[in-house]
$ cat model.txt   # compact mmCIF, C-alpha atoms
# COMPACT_ATOMS: atom_id res chain seq x y z
CA MET A 294 153.85 173.58 206.28
CA ILE A 295 155.26 174.41 202.82
CA GLY A 296 158.90 175.44 203.07
CA THR A 297 160.97 177.71 200.87
CA LYS A 298 163.45 174.99 199.97
CA LEU A 299 162.79 171.98 197.78
CA PRO A 300 162.87 168.89 200.02
CA ASP A 301 165.19 166.07 199.07
CA ALA A 302 163.41 163.34 197.09
CA GLU A 303 164.49 160.13 195.40
CA TRP A 304 163.85 161.41 191.87
CA GLN A 305 166.55 164.08 192.31
CA HIS A 306 169.25 161.42 192.63
CA ALA A 307 168.80 159.81 189.20
CA GLU A 308 172.21 159.71 187.51
CA GLY A 309 170.68 160.55 184.14
CA LEU A 310 169.06 163.69 185.55
CA LYS A 311 172.36 164.79 187.04
CA LYS A 312 174.04 164.44 183.63
CA VAL A 313 171.30 166.47 181.95
CA LEU A 314 171.59 169.27 184.48
CA ALA A 315 175.38 169.31 184.20
CA VAL A 316 175.30 170.27 180.53
CA LEU A 317 172.57 172.94 180.75
CA GLY A 318 174.19 175.68 182.79
CA ASP A 319 173.30 179.15 181.48
CA ALA A 320 174.14 182.74 182.33
CA HIS A 321 170.68 183.48 183.77
CA GLY A 322 170.49 181.15 186.76
CA GLY A 323 169.38 178.01 185.01
CA PRO A 324 168.61 175.25 184.65
CA ARG A 325 165.79 175.01 187.19
CA TYR A 326 163.12 172.46 187.93
CA VAL A 327 159.68 173.82 187.20
CA GLY A 328 156.01 172.92 187.58
CA GLY A 329 154.72 169.58 188.77
CA ALA A 330 157.96 168.14 190.12
CA VAL A 331 158.42 171.19 192.36
CA ARG A 332 154.75 171.38 193.37
CA ASP A 333 154.36 167.69 194.20
CA THR A 334 157.68 167.40 196.01
CA LEU A 335 156.69 170.32 198.24
CA LEU A 336 153.46 168.46 199.02
CA GLY A 337 155.24 165.18 199.68
CA LEU A 338 153.61 163.50 196.69
CA PRO A 339 155.28 161.12 194.22
CA VAL A 340 156.75 162.71 191.10
CA ALA A 341 156.19 161.08 187.72
CA ASP A 342 157.62 163.66 185.33
CA VAL A 343 160.47 166.12 185.76
CA ASP A 344 160.35 169.32 183.72
CA ILE A 345 163.35 171.61 183.40
CA ALA A 346 163.46 175.27 182.37
CA THR A 347 166.46 176.98 180.86
CA ALA A 348 167.42 180.26 179.22
CA LEU A 349 169.28 178.31 176.52
CA GLU A 350 167.54 178.27 173.14
CA PRO A 351 166.37 174.88 171.82
CA MET A 352 169.20 174.28 169.33
CA ASP A 353 171.74 175.09 172.04
CA VAL A 354 169.99 172.57 174.30
CA ILE A 355 170.18 169.92 171.58
CA ASP A 356 173.86 170.62 170.91
CA ARG A 357 174.76 170.43 174.59
CA LEU A 358 172.81 167.25 175.19
CA GLU A 359 174.36 165.50 172.21
CA ALA A 360 177.83 166.69 173.18
CA GLY A 361 177.22 165.10 176.57
CA GLY A 362 176.19 161.79 175.00
CA ILE A 363 172.50 162.31 175.81
CA LYS A 364 169.81 161.62 173.24
CA ALA A 365 167.93 164.80 172.30
CA ILE A 366 164.42 164.61 170.84
CA PRO A 367 162.90 167.81 169.36
CA THR A 368 159.42 167.06 170.68
CA GLY A 369 158.11 170.63 170.52
CA ILE A 370 161.00 172.64 169.26
CA GLU A 371 158.84 175.43 167.79
CA HIS A 372 157.55 176.03 171.32
CA GLY A 373 160.97 175.61 172.87
CA THR A 374 160.71 172.04 174.15
CA VAL A 375 163.37 169.37 173.77
CA THR A 376 163.21 165.96 175.44
CA ALA A 377 166.36 164.43 176.91
CA ALA A 378 166.26 160.63 176.96
CA ILE A 379 168.72 158.96 179.29
CA GLY A 380 168.74 156.06 181.72
CA GLY A 381 165.33 154.88 180.57
CA LYS A 382 163.71 158.21 181.49
CA ASN A 383 162.65 161.31 179.61
CA TYR A 384 163.16 164.87 180.83
CA GLU A 385 161.35 167.76 179.13
CA ILE A 386 163.54 170.83 178.79
CA THR A 387 161.81 174.05 177.78
CA THR A 388 163.36 177.40 176.94
CA LEU A 389 162.01 180.41 178.83
CA ARG A 390 159.24 182.00 176.78
CA ARG A 391 156.85 184.88 176.45
CA ASP A 392 153.63 184.84 174.44
CA VAL A 393 153.58 186.91 171.27
CA ALA A 394 150.04 185.97 170.20
CA THR A 395 147.31 183.58 171.36
CA ASP A 396 144.01 182.47 169.84
CA GLY A 397 142.46 180.32 172.56
CA ARG A 398 143.95 177.11 171.16
CA ARG A 399 147.66 177.71 170.75
CA ALA A 400 150.26 180.37 171.38
CA THR A 401 152.97 181.93 169.26
CA VAL A 402 155.96 182.35 171.53
CA ALA A 403 159.27 184.16 171.60
CA PHE A 404 162.20 182.85 173.59
CA ALA A 405 163.22 184.86 176.64
CA THR A 406 165.75 185.06 179.45
CA ASP A 407 163.50 186.53 182.15
CA TRP A 408 162.23 183.95 184.65
CA ARG A 409 159.34 186.09 185.86
CA GLU A 410 158.24 186.63 182.27
CA ASP A 411 158.21 182.87 181.75
CA ALA A 412 156.27 182.35 184.97
CA ALA A 413 153.69 184.97 183.96
CA ARG A 414 152.59 182.92 180.92
CA ARG A 415 151.81 179.83 182.99
CA ASP A 416 148.29 178.99 184.13
CA PHE A 417 148.18 178.66 187.94
CA THR A 418 150.35 180.06 190.68
CA ILE A 419 151.10 176.59 192.05
CA ASN A 420 152.44 175.56 188.63
CA ALA A 421 154.79 178.54 188.36
CA LEU A 422 157.25 177.46 191.04
CA TYR A 423 160.91 176.95 190.07
CA ALA A 424 163.69 175.31 192.07
CA GLU A 425 167.45 175.53 191.73
CA PRO A 426 168.68 171.91 191.63
CA LYS A 427 171.78 172.24 193.82
CA SER A 428 170.58 174.57 196.57
CA GLY A 429 166.89 173.69 196.42
CA GLU A 430 166.04 177.42 196.47
CA ILE A 431 162.44 178.06 195.41
CA PHE A 432 161.63 180.92 193.05
CA ASP A 433 158.04 182.03 193.51
CA TYR A 434 156.90 185.03 191.48
CA PHE A 435 153.13 184.95 192.16
CA ASN A 436 152.66 183.69 195.74
CA GLY A 437 152.33 180.09 194.65
CA LEU A 438 153.86 178.82 197.90
CA GLU A 439 151.12 180.46 199.95
CA ASP A 440 148.45 179.08 197.64
CA LEU A 441 149.97 175.62 197.83
CA ALA A 442 150.03 175.77 201.64
CA THR A 443 146.36 176.75 201.80
CA ARG A 444 145.33 174.51 198.87
CA ARG A 445 143.95 177.50 197.00
CA LEU A 446 143.90 177.37 193.22
CA ARG A 447 144.42 180.72 191.48
CA PHE A 448 145.10 181.76 187.92
CA ILE A 449 148.17 183.93 187.43
CA GLY A 450 147.02 187.48 186.83
CA ASN A 451 143.62 188.00 185.24
CA ALA A 452 141.67 184.74 184.97
CA ASN A 453 139.70 185.88 181.91
CA GLU A 454 142.93 186.68 180.08
CA ARG A 455 144.58 183.39 180.99
CA ILE A 456 141.53 181.47 179.75
CA ALA A 457 141.29 183.47 176.51
CA GLU A 458 144.88 182.44 175.77
CA ASP A 459 143.95 178.75 175.89
CA PHE A 460 140.41 177.61 176.61
CA LEU A 461 141.70 174.21 177.72
CA ARG A 462 142.70 175.97 180.94
CA ILE A 463 139.03 175.81 181.94
CA LEU A 464 139.17 172.04 182.16
CA ARG A 465 142.64 172.15 183.66
CA TYR A 466 141.30 174.45 186.36
CA PHE A 467 138.72 171.88 187.45
CA ARG A 468 141.25 169.05 187.24
CA PHE A 469 143.72 170.86 189.47
CA LEU A 470 140.89 171.91 191.76
CA ALA A 471 139.93 168.24 192.22
CA ARG A 472 143.50 167.23 193.00
CA TYR A 473 144.88 170.18 194.95
CA GLY A 474 142.13 172.67 195.74
CA SER A 475 140.69 171.70 199.10
CA GLY A 476 140.93 175.29 200.35
CA GLN A 477 138.62 178.22 199.74
CA LEU A 478 137.10 178.35 196.26
CA ASN A 479 138.09 181.26 194.06
CA ALA A 480 134.78 182.72 192.87
CA ASP A 481 136.45 184.94 190.25
CA ALA A 482 138.23 181.97 188.68
CA ILE A 483 135.05 179.90 188.49
CA ALA A 484 133.13 182.84 187.04
CA ALA A 485 135.84 183.27 184.40
CA CYS A 486 135.61 179.58 183.50
CA ALA A 487 131.83 179.88 183.10
CA LYS A 488 132.20 183.00 180.97
CA GLY A 489 134.77 181.35 178.70
CA ALA A 490 133.07 177.95 178.39
CA HIS A 491 131.83 178.75 174.89
CA GLY A 492 135.46 178.72 173.78
CA LEU A 493 135.70 174.99 174.40
CA THR A 494 134.03 174.50 171.02
CA ALA A 495 137.24 175.79 169.43
CA LEU A 496 139.31 172.94 170.90
CA SER A 497 139.86 169.54 169.35
CA ARG A 498 137.68 166.80 170.77
CA GLU A 499 140.82 164.84 171.63
CA ARG A 500 142.14 167.59 173.93
CA ILE A 501 138.78 167.85 175.67
CA ALA A 502 138.53 164.07 176.07
CA GLN A 503 142.05 163.87 177.48
CA GLU A 504 141.33 166.47 180.15
CA LEU A 505 137.93 165.01 181.03
CA THR A 506 139.53 161.58 181.35
CA ARG A 507 142.16 163.01 183.68
CA ILE A 508 139.49 164.64 185.84
CA LEU A 509 137.41 161.47 186.10
CA SER A 510 140.51 159.40 186.93
CA LEU A 511 141.23 161.39 190.10
CA ARG A 512 140.36 159.97 193.51
CA ASP A 513 137.38 162.25 194.13
CA PRO A 514 136.40 164.64 191.34
CA ALA A 515 132.77 164.98 192.54
CA LEU A 516 132.99 168.63 193.62
CA SER A 517 134.74 169.70 190.43
CA ILE A 518 132.17 167.89 188.29
CA GLU A 519 129.32 169.46 190.27
CA LEU A 520 130.81 172.93 189.75
CA MET A 521 131.30 172.23 186.06
CA ILE A 522 127.65 171.23 185.73
CA THR A 523 126.38 174.18 187.75
CA HIS A 524 128.38 176.68 185.69
CA GLY A 525 127.59 175.25 182.26
CA ILE A 526 131.06 173.95 181.44
CA PHE A 527 129.71 170.75 179.85
CA THR A 528 127.09 172.51 177.71
CA PRO A 529 129.32 173.10 174.63
CA PHE A 530 130.51 169.51 174.27
CA LEU A 531 128.35 167.11 176.32
CA PRO A 532 124.62 167.71 175.80
CA GLU A 533 123.93 164.07 176.77
CA LEU A 534 124.86 164.83 180.38
CA SER A 535 122.33 163.22 182.72
CA SER A 536 120.17 165.55 184.82
CA SER A 537 121.30 163.53 187.85
CA ALA A 538 124.98 163.35 186.85
CA ALA A 539 126.34 165.19 189.90
CA ASN A 540 124.38 163.01 192.34
CA ASP A 541 125.15 159.81 190.43
CA LEU A 542 128.91 160.45 190.40
CA GLN A 543 128.85 161.45 194.05
CA ASN A 544 126.96 158.25 194.89
CA LEU A 545 129.44 156.15 192.90
CA ILE A 546 132.41 157.69 194.71
CA LYS A 547 130.65 157.27 198.05
CA ARG A 548 130.23 153.56 197.32
CA GLU A 549 133.87 153.29 196.25
CA GLN A 550 134.95 154.68 199.60
CA GLN A 551 132.42 152.69 201.62
CA PHE A 552 133.26 149.33 200.06
CA ALA A 553 136.96 149.96 199.26
CA GLN A 554 136.32 149.44 195.55
CA ILE A 555 137.71 151.62 192.78
CA ALA A 556 135.37 151.96 189.83
CA SER A 557 136.90 151.90 186.37
CA LEU A 558 137.16 154.86 184.03
CA PRO A 559 134.21 153.59 181.92
CA ALA A 560 132.09 153.51 185.08
CA ARG A 561 133.08 157.06 186.03
CA PHE A 562 132.09 158.24 182.53
CA LEU A 563 128.78 156.36 182.64
CA ALA A 564 127.89 157.96 185.97
CA LEU A 565 127.60 161.25 184.06
CA LEU A 566 125.35 159.93 181.29
CA LYS A 567 121.89 158.52 180.85
CA ARG A 568 121.76 154.73 180.65
CA ASP A 569 121.13 154.94 176.94
CA ALA A 570 123.44 153.05 174.60
CA VAL A 571 122.67 155.29 171.61
CA ALA A 572 123.41 158.50 173.54
CA VAL A 573 126.59 157.04 175.04
CA ASP A 574 127.78 155.97 171.61
CA LYS A 575 127.25 159.53 170.34
CA VAL A 576 129.40 160.85 173.18
CA ALA A 577 132.15 158.31 172.45
CA ALA A 578 132.14 159.20 168.75
CA ARG A 579 132.12 162.96 169.34
CA LEU A 580 134.99 162.83 171.83
CA LYS A 581 136.83 160.23 169.75
CA LEU A 582 137.21 157.95 172.74
CA SER A 583 139.30 154.80 172.43
CA ASN A 584 137.84 151.49 171.30
CA LYS A 585 138.73 150.07 174.70
CA LEU A 586 136.57 152.68 176.45
CA ARG A 587 133.72 152.16 174.01
CA GLU A 588 133.80 148.40 174.53
CA GLY A 589 133.79 149.02 178.29
CA PHE A 590 130.69 151.19 177.95
CA ALA A 591 128.91 148.51 175.91
CA ARG A 592 129.59 145.71 178.41
CA ARG A 593 128.29 147.76 181.33
CA LEU A 594 125.24 149.11 179.53
CA THR A 595 124.07 145.72 178.26
CA ALA A 596 124.38 143.95 181.62
CA PRO A 597 121.06 143.05 183.32
CA PRO A 598 119.99 144.95 186.45
CA PRO A 599 122.42 143.69 189.11
CA LYS A 600 121.08 141.36 191.79
CA PRO A 601 122.86 138.96 194.16
CA ASP A 602 121.47 136.00 192.19
CA ASN A 603 122.66 137.14 188.76
CA ILE A 604 125.83 139.15 189.33
CA ARG A 605 128.13 136.16 188.86
CA ALA A 606 126.47 135.51 185.52
CA THR A 607 127.30 139.08 184.53
CA ALA A 608 130.93 138.49 185.51
CA TYR A 609 130.97 135.23 183.54
CA HIS A 610 129.69 136.88 180.36
CA ALA A 611 131.94 139.95 180.74
CA ASP A 612 134.56 140.03 183.51
CA ILE A 613 134.84 140.70 187.25
CA GLU A 614 135.65 144.41 186.81
CA THR A 615 132.58 144.96 184.65
CA ALA A 616 130.36 143.16 187.16
CA ARG A 617 131.72 145.23 190.05
CA ASP A 618 131.16 148.43 188.10
CA VAL A 619 127.58 147.45 187.28
CA VAL A 620 126.95 146.89 190.98
CA MET A 621 128.52 150.22 191.94
CA LEU A 622 126.59 152.08 189.26
CA TYR A 623 123.19 150.45 189.15
CA SER A 624 122.50 148.34 192.26
CA THR A 625 120.09 149.43 194.94
CA ASP A 626 121.77 150.36 198.22
CA SER A 627 120.41 147.21 199.88
CA ASP A 628 121.84 144.90 197.19
CA VAL A 629 125.35 146.37 196.93
CA PRO A 630 126.95 144.50 199.88
CA GLU A 631 125.66 141.05 198.86
CA CYS A 632 126.43 141.59 195.17
CA LEU A 633 130.01 142.55 195.97
CA ALA A 634 130.30 139.62 198.37
CA GLN A 635 129.31 137.28 195.51
CA LEU A 636 132.27 138.58 193.49
CA GLN A 637 134.87 138.74 196.25
CA GLN A 638 137.63 136.16 195.73
CA TRP A 639 135.49 134.41 193.12
CA GLU A 640 137.26 133.14 190.02
CA ILE A 641 135.25 132.86 186.86
CA PRO A 642 134.84 129.11 186.19
CA SER A 643 134.90 127.29 182.86
CA LEU A 644 132.35 124.83 181.55
CA ASN A 645 134.19 121.54 181.22
CA VAL A 646 131.70 119.95 178.83
CA LYS A 647 132.82 120.23 175.22
CA GLY A 648 131.29 119.44 171.86
CA GLY A 649 133.23 116.20 171.61
CA ASP A 650 131.67 115.00 174.88
CA LEU A 651 128.20 115.47 173.42
CA ILE A 652 129.11 113.52 170.29
CA LYS A 653 130.32 110.65 172.50
CA LEU A 654 126.94 110.74 174.21
CA GLY A 655 125.20 110.19 170.89
CA LEU A 656 124.75 113.51 169.10
CA THR A 657 125.68 113.81 165.45
CA ALA A 658 128.28 116.45 164.69
CA GLY A 659 126.65 119.60 163.40
CA PRO A 660 124.43 122.52 164.48
CA LEU A 661 122.64 120.44 167.11
CA VAL A 662 125.88 120.04 169.07
CA ALA A 663 126.32 123.83 169.36
CA LYS A 664 122.66 124.34 170.26
CA THR A 665 122.79 121.66 172.94
CA LEU A 666 126.04 123.03 174.36
CA GLN A 667 124.41 126.45 174.67
CA ALA A 668 121.46 124.91 176.53
CA ILE A 669 123.79 123.13 178.94
CA GLU A 670 125.74 126.30 179.58
CA ALA A 671 122.56 128.30 180.23
CA THR A 672 121.31 125.77 182.79
CA TRP A 673 124.75 125.58 184.40
CA ILE A 674 124.79 129.37 184.82
CA ASP A 675 121.22 129.42 186.18
CA GLU A 676 122.19 126.79 188.76
CA GLY A 677 125.13 128.88 189.97
CA PHE A 678 128.05 127.19 188.17
CA PRO A 679 127.97 123.72 189.79
CA ASP A 680 130.94 121.33 189.74
CA ILE A 681 132.05 118.85 187.09
CA GLN A 682 129.81 116.05 188.33
CA ARG A 683 126.72 118.19 187.92
CA GLN A 684 127.99 119.45 184.54
CA ASN A 685 128.21 115.85 183.33
CA GLU A 686 124.69 115.16 184.61
CA LEU A 687 123.41 118.21 182.76
CA ALA A 688 125.17 117.02 179.59
CA SER A 689 123.54 113.60 179.77
CA GLN A 690 120.10 115.01 180.53
CA THR A 691 120.25 117.63 177.79
CA VAL A 692 121.61 115.22 175.18
CA ASN A 693 118.92 112.66 176.00
CA ALA A 694 116.26 115.35 175.65
CA ALA A 695 117.72 116.47 172.34
CA LEU A 696 117.88 112.90 171.01
CA SER A 697 114.30 112.25 172.10
CA GLU A 698 113.11 115.44 170.42
CA THR A 699 114.96 114.51 167.22
CA LYS A 700 113.50 110.99 167.25
CA ASN A 701 109.95 112.25 167.80
CA ALA A 702 110.36 114.81 165.04

$ encode --input "model.txt" --output "structure tokens"
Amino acid sequence: MIGTKLPDAEWQHAEGLKKVLAVLGDAHGGPRYVGGAVRDTLLGLPVADVDIATALEPMDVIDRLEAGGIKAIPTGIEHGTVTAAIGGKNYEITTLRRDVATDGRRATVAFATDWREDAARRDFTINALYAEPKSGEIFDYFNGLEDLATRRLRFIGNANERIAEDFLRILRYFRFLARYGSGQLNADAIAACAKGAHGLTALSRERIAQELTRILSLRDPALSIELMITHGIFTPFLPELSSSAANDLQNLIKREQQFAQIASLPARFLALLKRDAVAVDKVAARLKLSNKLREGFARRLTAPPPKPDNIRATAYHADIETARDVVMLYSTDSDVPECLAQLQQWEIPSLNVKGGDLIKLGLTAGPLVAKTLQAIEATWIDEGFPDIQRQNELASQTVNAALSETKNA
């Protein structure tokens, strides 16, 4: 049951936060906690970031913080945001605002002193909850508490208008739906997202990629992704979407839950796309994904079809995480348990035979040493990574064969 008071939580007792709050008193009932910290504390979830709202204008906030010995960073001062850095933590402090003009990508704002006016410009009712730090009193202007209790995700006011103000809210809607929206779906909100999807082309690829990454990183985004596919949300920016993307992601998440394995972010992305390296590379370039993600895609896409007898070789050539992902993505249902068993508590071994060992056995230093070492390694992998004794036997056998071939040549 969601109460009307903010429950006590560990984050509220940080000494740095107390110092920040102490210098921000205003004549309009502030400062107040706002947004995620309030929402997640009411749900009993951990809080990562604490946002604070105030009627003080940004320069006043900076002056007060600095007077109190707190570092002030003007992170978004034109939009009213100042970051207070203290005790190894950052606290975002934002002046109450109202929108003057919007163009679907950004808003021109004017500073305000009306809390309801500030709440009205936010996206969802569950994100427009404020709490007075000392008393814990909740200020709820749009029935966000009721929506939070029933896990219903609603835009504030008219969904079409909220989306037209910032088209990124479409992707945010499906992210918040995946994390919080286990209640009844809001058909009007989803219809508004579908209607406004064309506006996603106006956004930077980085903003789209960031939101998509956040969606795919959630525990179970399958329903949100399915709704996004059904309502054409991906059409403006992801034409490479696989025709089986919804089923493939659902199957991946089902396997994660069944085998207590968490697939990586690259695997979640690949579940949406055809197993086509060229197409995947186009997606990565268009969305300006990180080199780390792109390298992760490449390792998974180039791995051979996973089988119990080759999955350790995949891990050896890449890493354990890549091998697990390949199993979760591309194995047949019957092979998944044995493939994962092959990787469980297995440490990737090292070939102990070195080039110097081959020279001692009679090879002349040069290209033949590298070629012979590669042949030994290939046989060692094929035999299932046998111990040092067998590695030495393989070295002797392969060197003798190489010497014989050289002599006969």

$ axis_aligned_box --input "model.txt" --around "range 436-448 of chain A" --padding-each-side "5 Å" --output "JSON"
{"center_x": 148.9, "center_y": 179.1, "center_z": 194.9, "size_x": 20.0, "size_y": 19.2, "size_z": 23.9}

$ atom_distance --input "model.txt" --atom1 "CA of Asp618 in chain A" --atom2 "CA of Gln554 in chain A"
9.1 Å

$ residues_around --input "model.txt" --residues "Leu358 in chain A" --least-positions-apart "4" --cutoff "8 Å" --atoms "only C-alpha atoms" --output "list of chain:residue names"
A:Val313, A:Val316, A:Leu317, A:Val354, A:Gly362, A:Ile363, A:Lys364, A:Ala365, A:Ala377

$ atom_distance --input "model.txt" --atom1 "CA of Ala405 in chain A" --atom2 "CA of Lys298 in chain A"
25.3 Å

$ atom_distance --input "model.txt" --atom1 "CA of Leu299 in chain A" --atom2 "CA of Gly429 in chain A"
4.6 Å

$ residues_around --input "model.txt" --residues "Arg617 in chain A" --least-positions-apart "4" --cutoff "10 Å" --atoms "only C-alpha atoms" --output "compact mmCIF listing (two decimals) with C-alpha atoms, in the coordinates of the input"
# COMPACT_ATOMS: atom_id res chain seq x y z
CA GLN A 554 136.32 149.44 195.55
CA ILE A 555 137.71 151.62 192.78
CA ALA A 556 135.37 151.96 189.83
CA SER A 557 136.90 151.90 186.37
CA ALA A 560 132.09 153.51 185.08
CA ARG A 593 128.29 147.76 181.33
CA PRO A 599 122.42 143.69 189.11
CA ILE A 604 125.83 139.15 189.33
CA ARG A 605 128.13 136.16 188.86
CA THR A 607 127.30 139.08 184.53
CA ALA A 608 130.93 138.49 185.51
CA ASP A 612 134.56 140.03 183.51
CA ILE A 613 134.84 140.70 187.25
CA MET A 621 128.52 150.22 191.94
CA LEU A 622 126.59 152.08 189.26
CA SER A 624 122.50 148.34 192.26
CA VAL A 629 125.35 146.37 196.93
CA CYS A 632 126.43 141.59 195.17
CA LEU A 633 130.01 142.55 195.97
CA GLN A 635 129.31 137.28 195.51
CA LEU A 636 132.27 138.58 193.49
CA GLN A 637 134.87 138.74 196.25

$ residues_around --input "model.txt" --residues "Arg444 in chain A" --least-positions-apart "5" --cutoff "7 Å" --atoms "all atoms listed in the file" --output "PyMOL selection string"
chain A and resi 473-476

$ closest_residue --input "model.txt" --among "A:Ala442, A:Val571, A:Leu656, A:Leu565" --to "Ala694 in chain A" --atoms "only C-alpha atoms"
A:Leu656

$ closest_residue --input "model.txt" --among "A:Lys382, A:Arg548, A:Arg390, A:His610" --to "Ile674 in chain A" --atoms "all atoms listed in the file"
A:His610

$ build_atoms --input "model.txt" --residues "range 564-583 of chain A" --atoms "N, CA and C atoms" --output "CSV table (one decimal), keeping the file's coordinate frame"
chain,number,residue,atom,x,y,z
A,564,ALA,N,128.6,157.3,184.9
A,564,ALA,CA,127.9,158.0,186.0
A,564,ALA,C,127.4,159.3,185.5
A,565,LEU,N,128.0,159.9,184.5
A,565,LEU,CA,127.6,161.2,184.1
A,565,LEU,C,126.5,161.2,183.0
A,566,LEU,N,126.2,160.0,182.5
A,566,LEU,CA,125.4,159.9,181.3
A,566,LEU,C,124.1,159.1,181.6
A,567,LYS,N,123.1,159.3,180.8
A,567,LYS,CA,121.9,158.5,180.8
A,567,LYS,C,122.2,157.1,180.5
A,568,ARG,N,121.5,156.1,181.0
A,568,ARG,CA,121.8,154.7,180.6
A,568,ARG,C,121.1,154.4,179.3
A,569,ASP,N,121.7,155.0,178.3
A,569,ASP,CA,121.1,154.9,176.9
A,569,ASP,C,122.3,154.7,176.0
A,570,ALA,N,122.3,153.5,175.4
A,570,ALA,CA,123.4,153.0,174.6
A,570,ALA,C,123.6,154.0,173.4
A,571,VAL,N,122.6,154.4,172.8
A,571,VAL,CA,122.7,155.3,171.6
A,571,VAL,C,123.3,156.6,172.0
A,572,ALA,N,122.8,157.2,173.1
A,572,ALA,CA,123.4,158.5,173.5
A,572,ALA,C,124.9,158.3,173.9
A,573,VAL,N,125.2,157.3,174.6
A,573,VAL,CA,126.6,157.0,175.0
A,573,VAL,C,127.5,156.9,173.8
A,574,ASP,N,127.0,156.2,172.8
A,574,ASP,CA,127.8,156.0,171.6
A,574,ASP,C,128.0,157.3,170.9
A,575,LYS,N,127.1,158.2,170.9
A,575,LYS,CA,127.2,159.5,170.3
A,575,LYS,C,128.4,160.3,171.1
A,576,VAL,N,128.4,160.2,172.4
A,576,VAL,CA,129.4,160.8,173.2
A,576,VAL,C,130.8,160.3,172.8
A,577,ALA,N,130.9,159.0,172.8
A,577,ALA,CA,132.2,158.3,172.4
A,577,ALA,C,132.7,158.7,171.1
A,578,ALA,N,131.7,158.8,170.1
A,578,ALA,CA,132.1,159.2,168.8
A,578,ALA,C,132.6,160.7,168.7
A,579,ARG,N,131.8,161.5,169.4
A,579,ARG,CA,132.1,163.0,169.3
A,579,ARG,C,133.5,163.2,170.0
A,580,LEU,N,133.7,162.6,171.1
A,580,LEU,CA,135.0,162.8,171.8
A,580,LEU,C,136.1,162.0,171.3
A,581,LYS,N,135.8,161.1,170.3
A,581,LYS,CA,136.8,160.2,169.8
A,581,LYS,C,137.5,159.4,170.8
A,582,LEU,N,136.7,158.8,171.7
A,582,LEU,CA,137.2,158.0,172.7
A,582,LEU,C,137.7,156.6,172.2
A,583,SER,N,138.6,156.0,172.9
A,583,SER,CA,139.3,154.8,172.4
A,583,SER,C,138.3,153.7,172.3
